[in-house]
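Peer 1: One structure is given below, represented as structure tokens, and several questions about it will come after.
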Amino acid sequence: MFYSFLQQPSNNVWIVVRSQRDPQEIAGALQRAMHKLDPSLPVEIKTWSSELDSALFAARVATVALGVLGLLGAMLAITGIFGMASYTVSKRLREFGIRIALGANQNKVLQSALGRAFRLLAIGSAVGMILGVLATRLLSYIVYQASPKDPIVLGSVIFTMLFVGMVATLIPARRALAVDPMILLRDE
């Protein structure tokens, strides 16, 4: 778009050039052409990618920061789930020993050990999904090209947290069930 300098005086004049050639080659040719017009003109040439990088810098930093905070939150959640499961299983070791000694199937005992943890994970996932949907408006302003209520992202996050939570719960439960029931039943 061309505006007459006399109609709209400005200190900044932009010339946008689109070409298939190398930007460095074009930059040299543009500088020579501008200096032929007026050698005292200050000429600064920037490529589209460098301008885009500077425009998106804040959004990229926010995205990385949110990603790091998300990983830290996930690590805390996994640690909490593992700790809760270890504590719950350790408190119920005697009960598991009695069930196994009376002939209960190990799969049923494992389901009993994982039942409470699974309910807590399901409730936490539902609450997390609701809060995630509510936070998408805020995140869409911070993160570049973040689409609110993206079902693939929400579903994959919930599935991943459920899977990791179940693995973190399964580890102490399997470890407890591997112990001989007679050792579990022995009085301290």
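Labels for the structure tokens follow display order: chains A, B, ..., residues from 1 in each chain, ligands from 1.
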Give me, as a ChimeraX atom specification, all polymer residues having an atom no more than 10 Å from range 153-166 of chain A, counting only C-alpha atoms and skipping those fewer than 6 positions away in the same chain.

Peer 2: /A:74,77-82,85,114,117-118,120-122,124-126,128-130,132-133,147

Peer 1: Rank nothing, just name the residue among A:Phe5, A:Leu56, A:Met84, A:Thr47 nearest to Asp22 in chain A, using only C-alpha atoms.

Peer 2: A:Thr47

Peer 1: Residues within 9 Å of Ala113 in chain A, please, as a list in words. Count only C-alpha atoms; anything in the same chain fewer than 5 positions from it doesn't count.

Peer 2: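 So the residues in contact are Ala85, Thr88, Val89, Arg92, Phe96, Lys108, Thr169, Leu170 and Ala173 of chain A.
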
Peer 1: Skip Leu41 in chain A itself and residues of its chain fewer than 4 positions away, then list as a ChimeraX atom specification all residues within 12 Å of it, counting only C-alpha atoms.

Peer 2: /A:11-13,31-37

Peer 1: Since we have the selection now, will you write its residues out, keeping C-alpha atoms, as a short mmCIF file (atom, residue, chain, number, x, y, z; two decimals), in the first residue's frame?

Peer 2:
data_model
loop_
_atom_site.label_atom_id
_atom_site.label_comp_id
_atom_site.auth_asym_id
_atom_site.auth_seq_id
_atom_site.Cartn_x
_atom_site.Cartn_y
_atom_site.Cartn_z
CA ASN A 11 9.75 8.73 10.43
CA ASN A 12 9.33 5.09 9.47
CA VAL A 13 8.96 3.88 5.94
CA GLN A 31 20.70 -1.53 0.16
CA ARG A 32 22.53 -0.59 -3.02
CA ALA A 33 19.28 0.61 -4.63
CA MET A 34 18.33 2.69 -1.58
CA HIS A 35 21.80 4.23 -1.34
CA LYS A 36 21.60 5.18 -5.01
CA LEU A 37 18.42 7.12 -4.22
#

Peer 1: With distances taken over only C-alpha atoms, which residue among A:Pro181, A:Tyr141, A:Pro23, A:Pro39 lies nearest Gly103 in chain A?

Peer 2: A:Pro181

Peer 1: As number ranges by chain, please: all residues of range 25-114 of chain A that backbone DSSP puts in helix (DSSP H, G or I).

Peer 2: A: 25-37, 48-91, 93-101, 106-114

Peer 1: Between CA of Thr63 in chain A and CA of Ser50 in chain A, what is the distance in Å, rounded to a tenth?

Peer 2: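 Computing the Euclidean distance for CA of Thr63 in chain A and CA of Ser50 in chain A yields 19.0 Å.
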
Peer 1: Can you measure CA of Ala101 in chain A to CA of Met182 in chain A for me? One decimal in Å is fine.

Peer 2: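 If I compute the distance from CA of Ala101 in chain A to CA of Met182 in chain A, I get 7.7 Å.
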
Peer 1: Got a sec: who's within 12 Å of Ala178 in chain A, counting only C-alpha atoms, leaving out chain neighbours fewer than 4 positions off, as a list in words?

Peer 2: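 Counting only the stated atoms, we get Leu93, Phe96, Gly97, Ile100, Gln106, Val109, Leu110, Ile171, Pro172, Ala173, Arg174, Met182, Ile183 and Leu184 of chain A.
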
Peer 1: Could you dump the residues just selected with N, CA, C and O atoms as a compact mmCIF listing (two decimals), in the first residue's frame?

Peer 2:
# COMPACT_ATOMS: atom_id res chain seq x y z
N LEU A 93 -1.82 -54.69 54.30
CA LEU A 93 -1.05 -55.91 54.03
C LEU A 93 -1.63 -57.11 54.77
O LEU A 93 -1.74 -58.20 54.22
N PHE A 96 -4.73 -58.33 53.08
CA PHE A 96 -4.39 -59.04 51.83
C PHE A 96 -3.85 -60.44 52.14
O PHE A 96 -4.17 -61.41 51.44
N GLY A 97 -3.02 -60.53 53.19
CA GLY A 97 -2.49 -61.83 53.58
C GLY A 97 -3.60 -62.78 53.98
O GLY A 97 -3.59 -63.97 53.62
N ILE A 100 -5.53 -63.88 50.80
CA ILE A 100 -4.77 -64.84 49.99
C ILE A 100 -4.72 -66.18 50.71
O ILE A 100 -4.85 -67.25 50.09
N GLN A 106 -5.65 -63.84 43.30
CA GLN A 106 -4.78 -62.67 43.38
C GLN A 106 -5.31 -61.51 42.56
O GLN A 106 -5.11 -60.36 42.92
N VAL A 109 -7.80 -59.72 44.75
CA VAL A 109 -7.10 -58.96 45.79
C VAL A 109 -6.46 -57.71 45.17
O VAL A 109 -6.49 -56.62 45.76
N LEU A 110 -5.91 -57.87 43.99
CA LEU A 110 -5.31 -56.72 43.30
C LEU A 110 -6.37 -55.68 42.96
O LEU A 110 -6.14 -54.48 43.12
N ILE A 171 2.39 -50.67 41.06
CA ILE A 171 3.72 -51.09 41.52
C ILE A 171 3.70 -51.51 42.98
O ILE A 171 4.13 -52.62 43.31
N PRO A 172 3.22 -50.67 43.93
CA PRO A 172 3.21 -51.14 45.32
C PRO A 172 2.24 -52.30 45.57
O PRO A 172 2.51 -53.16 46.40
N ALA A 173 1.13 -52.32 44.84
CA ALA A 173 0.16 -53.41 45.03
C ALA A 173 0.76 -54.73 44.59
O ALA A 173 0.62 -55.75 45.28
N ARG A 174 1.43 -54.77 43.45
CA ARG A 174 2.06 -56.01 42.96
C ARG A 174 3.18 -56.45 43.90
O ARG A 174 3.37 -57.64 44.14
N MET A 182 2.09 -66.04 54.64
CA MET A 182 2.48 -66.39 56.01
C MET A 182 3.33 -65.28 56.64
O MET A 182 3.23 -65.02 57.83
N ILE A 183 4.14 -64.63 55.84
CA ILE A 183 4.94 -63.53 56.34
C ILE A 183 4.03 -62.34 56.67
O ILE A 183 4.22 -61.66 57.67
N LEU A 184 3.02 -62.13 55.84
CA LEU A 184 2.08 -61.03 56.07
C LEU A 184 1.25 -61.25 57.32
O LEU A 184 0.86 -60.29 58.00
